[in-house]
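Quick notes on the structure that follows.
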Amino acid sequence: MDSNLAAGLAMIGAIGPGIGLGIGFSKAMEALGRNPDAAGTIFVPYILGLALTEAIGIYCFVVALILIFT
Amino acid sequence: MPAEQAKLIHVALKAERLFNIGPFEVTNSMIGALIASVILLAAAWYFSRSSAIVPNRLQSLIELPIELLTGIVASSTSRWRGYVSLVVGLFLMILVANWLGLLPGVGTIGLKGQAGEIVPFVRPAAADLNFTLGLAIISFVVFVWWAIRLHGPIGYLKELAGEPKVLAPLMFPIHLISELSRLVSLSMRLFGNVFAGEVLLATMLALTTAVAFTLPLALFVPGVFLGLELLFGAVQALVFALLTMAYITLAIAEHQEGHAADADHGENVATDPSHSTPAPA
């Protein structure tokens with residue numbers, strides 16, 4: 001029971017990456033709106049930034065899973 | 001409530017043992033990785049024999065994503081031929097392993113375990129940390145090897161020590177940890193995503209079939225998430241491959257900054273799309 005509560009608390013850490021992903025995506029769309037031709041150039045750094053941001057959320061998730069299932 | 005949930009879906013964090021070959025334990029995720037390898041080898045054998053200059057429909061379908069990825073890798077550095085096969089290989093392996101996990105029967109057909117749960121014959125390979133850590137170690141060894149090859153061992157250590165030599169005792173451990181954290185972040189990202197996908201699919205199916213009232217939803221709600229997992233599997237494979245490429249690019253680009261006098265590889269650092277990649281957390 002305690003570990004389930006701890007897992008829930010661990011997922012609070014997913015708020016940060018959520019905000020970060022939103023900012024990143026909005027900036028990418030903004031850049032795309034200003035210069036639609038740059039789609040190819042934006043794509044790779046965007047995907048990489050997305051992955052690096054998302055990793056923080058995944059860490060929280062892995063911690064939560066370990067708390068629940070072990 | 002937790003006990004009831006545990007009955008609703010069975011989730012194993014680590015891969016389960018199927019049988020032993022001598023002292024060697026064979027787990028179900030190893031079967032998954034083996035099947036993915038066999039599929040890739042068979043595809044490689046088939047397409048290397050039957051490929052034509054003018055591709056037929058199947059060949060152009062296969063060639064399209066590979067050409068796209070090769071194009072991205074080719075725009076990273078001038079030494080791209082040295083690592084393009086690794087990047088594309090990682091992408092294909094993870095892609096096939098991820099999509100294999102979405103086939104019906106994978107994770108549902110298996111032996112009966114001790115507690116009455118199902119021990120599936122096949123588990124998606126990337127839902128086991130051993131597989132993703134193995135791939136991350138390959139990637140790690142390759143980008144450190146590129147840095148050492150272009151820099152020399154002394155140059156690599158100098159790069160780790162940082163620029164103001166006074167701060168070296170402080171910066172060296174920080175740089176060392178940031179190098180090692182790439183290993184952790186690469187493997188944990190892939191494992192977390194694929195494992196989360198598996199749990200998500202199981203949960204959606206369990207939730208919609210738990211009560212008779214929501215049973216009609218079970219016809220299409222898990223399907224939506226299956227489609228989503230199809231997308232995530234491809235994105236994660238792409239992310240792993242592109243991050244490997246970015247790390248190798250950084251290892252090469254550091255060399256170019258350190259030896260700006262070398263004219264033969266002072267090429268497009270500024271226009272390099274992955275050069276502005278932030279350092280990993």
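Following the order of the structure tokens, chains are lettered A, B, ..., residues in each are numbered from 1, and ligands are numbered from 1.
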
Within 8 Å of chain B: each chain A residue with its shortest pair, only C-alpha atoms, as CSV:
```
residue,atom,partner,partner_atom,distance
A:Met1,CA,B:Pro2,CA,7.4
A:Thr41,CA,B:Pro273,CA,6.4
A:Ile42,CA,B:Pro273,CA,7.9
A:Val44,CA,B:Ser274,CA,6.9
A:Pro45,CA,B:Ser274,CA,5.8
A:Ile47,CA,B:Val239,CA,6.8
A:Leu48,CA,B:Val239,CA,6.5
A:Gly49,CA,B:Thr277,CA,7.1
A:Ala51,CA,B:Val239,CA,6.5
A:Leu52,CA,B:Pro280,CA,6.2
A:Ala55,CA,B:Arg189,CA,5.5
A:Ile56,CA,B:Ala281,CA,7.8
A:Ile58,CA,B:Gly192,CA,5.8
A:Tyr59,CA,B:Met188,CA,7.1
A:Phe61,CA,B:Gly192,CA,7.1
A:Val62,CA,B:Gly192,CA,6.0
A:Leu65,CA,B:Leu13,CA,7.8
A:Ile66,CA,B:Leu13,CA,7.5
A:Phe69,CA,B:Leu13,CA,6.5
A:Thr70,CA,B:Leu13,CA,7.6
```

**Report entry** alpha helix (DSSP H) per DSSP on the backbone: members of stretch 23-268 of chain B, as a ChimeraX atom specification
**Finding:** /B:28-50,57-74,84-100,129-161,168-210,221-258

Interface rows for stretch 194-213 of chain B against stretch 217-230 of chain B: nearest pair, Å to one decimal, 6 Å, only C-alpha atoms, as a Markdown table:
```
| residue | atom | partner | partner_atom | distance |
| --- | --- | --- | --- | --- |
| B:Met204 | CA | B:Pro222 | CA | 5.9 |
| B:Leu205 | CA | B:Pro222 | CA | 5.9 |
| B:Thr208 | CA | B:Ala218 | CA | 5.0 |
```

Within 7 Å of stretch 4-26 of chain A, which residues of stretch 30-63 of chain A come that close, and what is the closest atom pair and distance in Å for each? Count only C-alpha atoms and give it as a Markdown table.
```
| residue | atom | partner | partner_atom | distance |
| --- | --- | --- | --- | --- |
| A:Glu30 | CA | A:Ser26 | CA | 6.1 |
| A:Leu50 | CA | A:Leu21 | CA | 6.4 |
| A:Thr53 | CA | A:Pro17 | CA | 5.7 |
| A:Glu54 | CA | A:Pro17 | CA | 5.9 |
| A:Ile56 | CA | A:Pro17 | CA | 6.3 |
| A:Gly57 | CA | A:Ala14 | CA | 4.7 |
| A:Cys60 | CA | A:Met11 | CA | 5.6 |
| A:Phe61 | CA | A:Met11 | CA | 6.3 |
| A:Val63 | CA | A:Ala10 | CA | 7.0 |
```

Could you turn the residues from that selection into a file that holds C-alpha atoms, as a PDB file, in the first residue's frame?
```pdb
ATOM      1  CA  GLU A  30       5.919  28.356 -34.358  1.00  0.00           C
ATOM      2  CA  LEU A  50      11.607  15.534 -27.499  1.00  0.00           C
ATOM      3  CA  THR A  53      12.865  15.766 -22.426  1.00  0.00           C
ATOM      4  CA  GLU A  54      10.668  12.726 -22.388  1.00  0.00           C
ATOM      5  CA  ILE A  56      12.919  12.502 -17.468  1.00  0.00           C
ATOM      6  CA  GLY A  57       9.263  11.497 -17.438  1.00  0.00           C
ATOM      7  CA  CYS A  60       9.684   8.724 -13.025  1.00  0.00           C
ATOM      8  CA  PHE A  61       7.603   6.076 -14.710  1.00  0.00           C
ATOM      9  CA  VAL A  63      10.665   4.283 -10.630  1.00  0.00           C
TER      10      VAL A  63
END
```
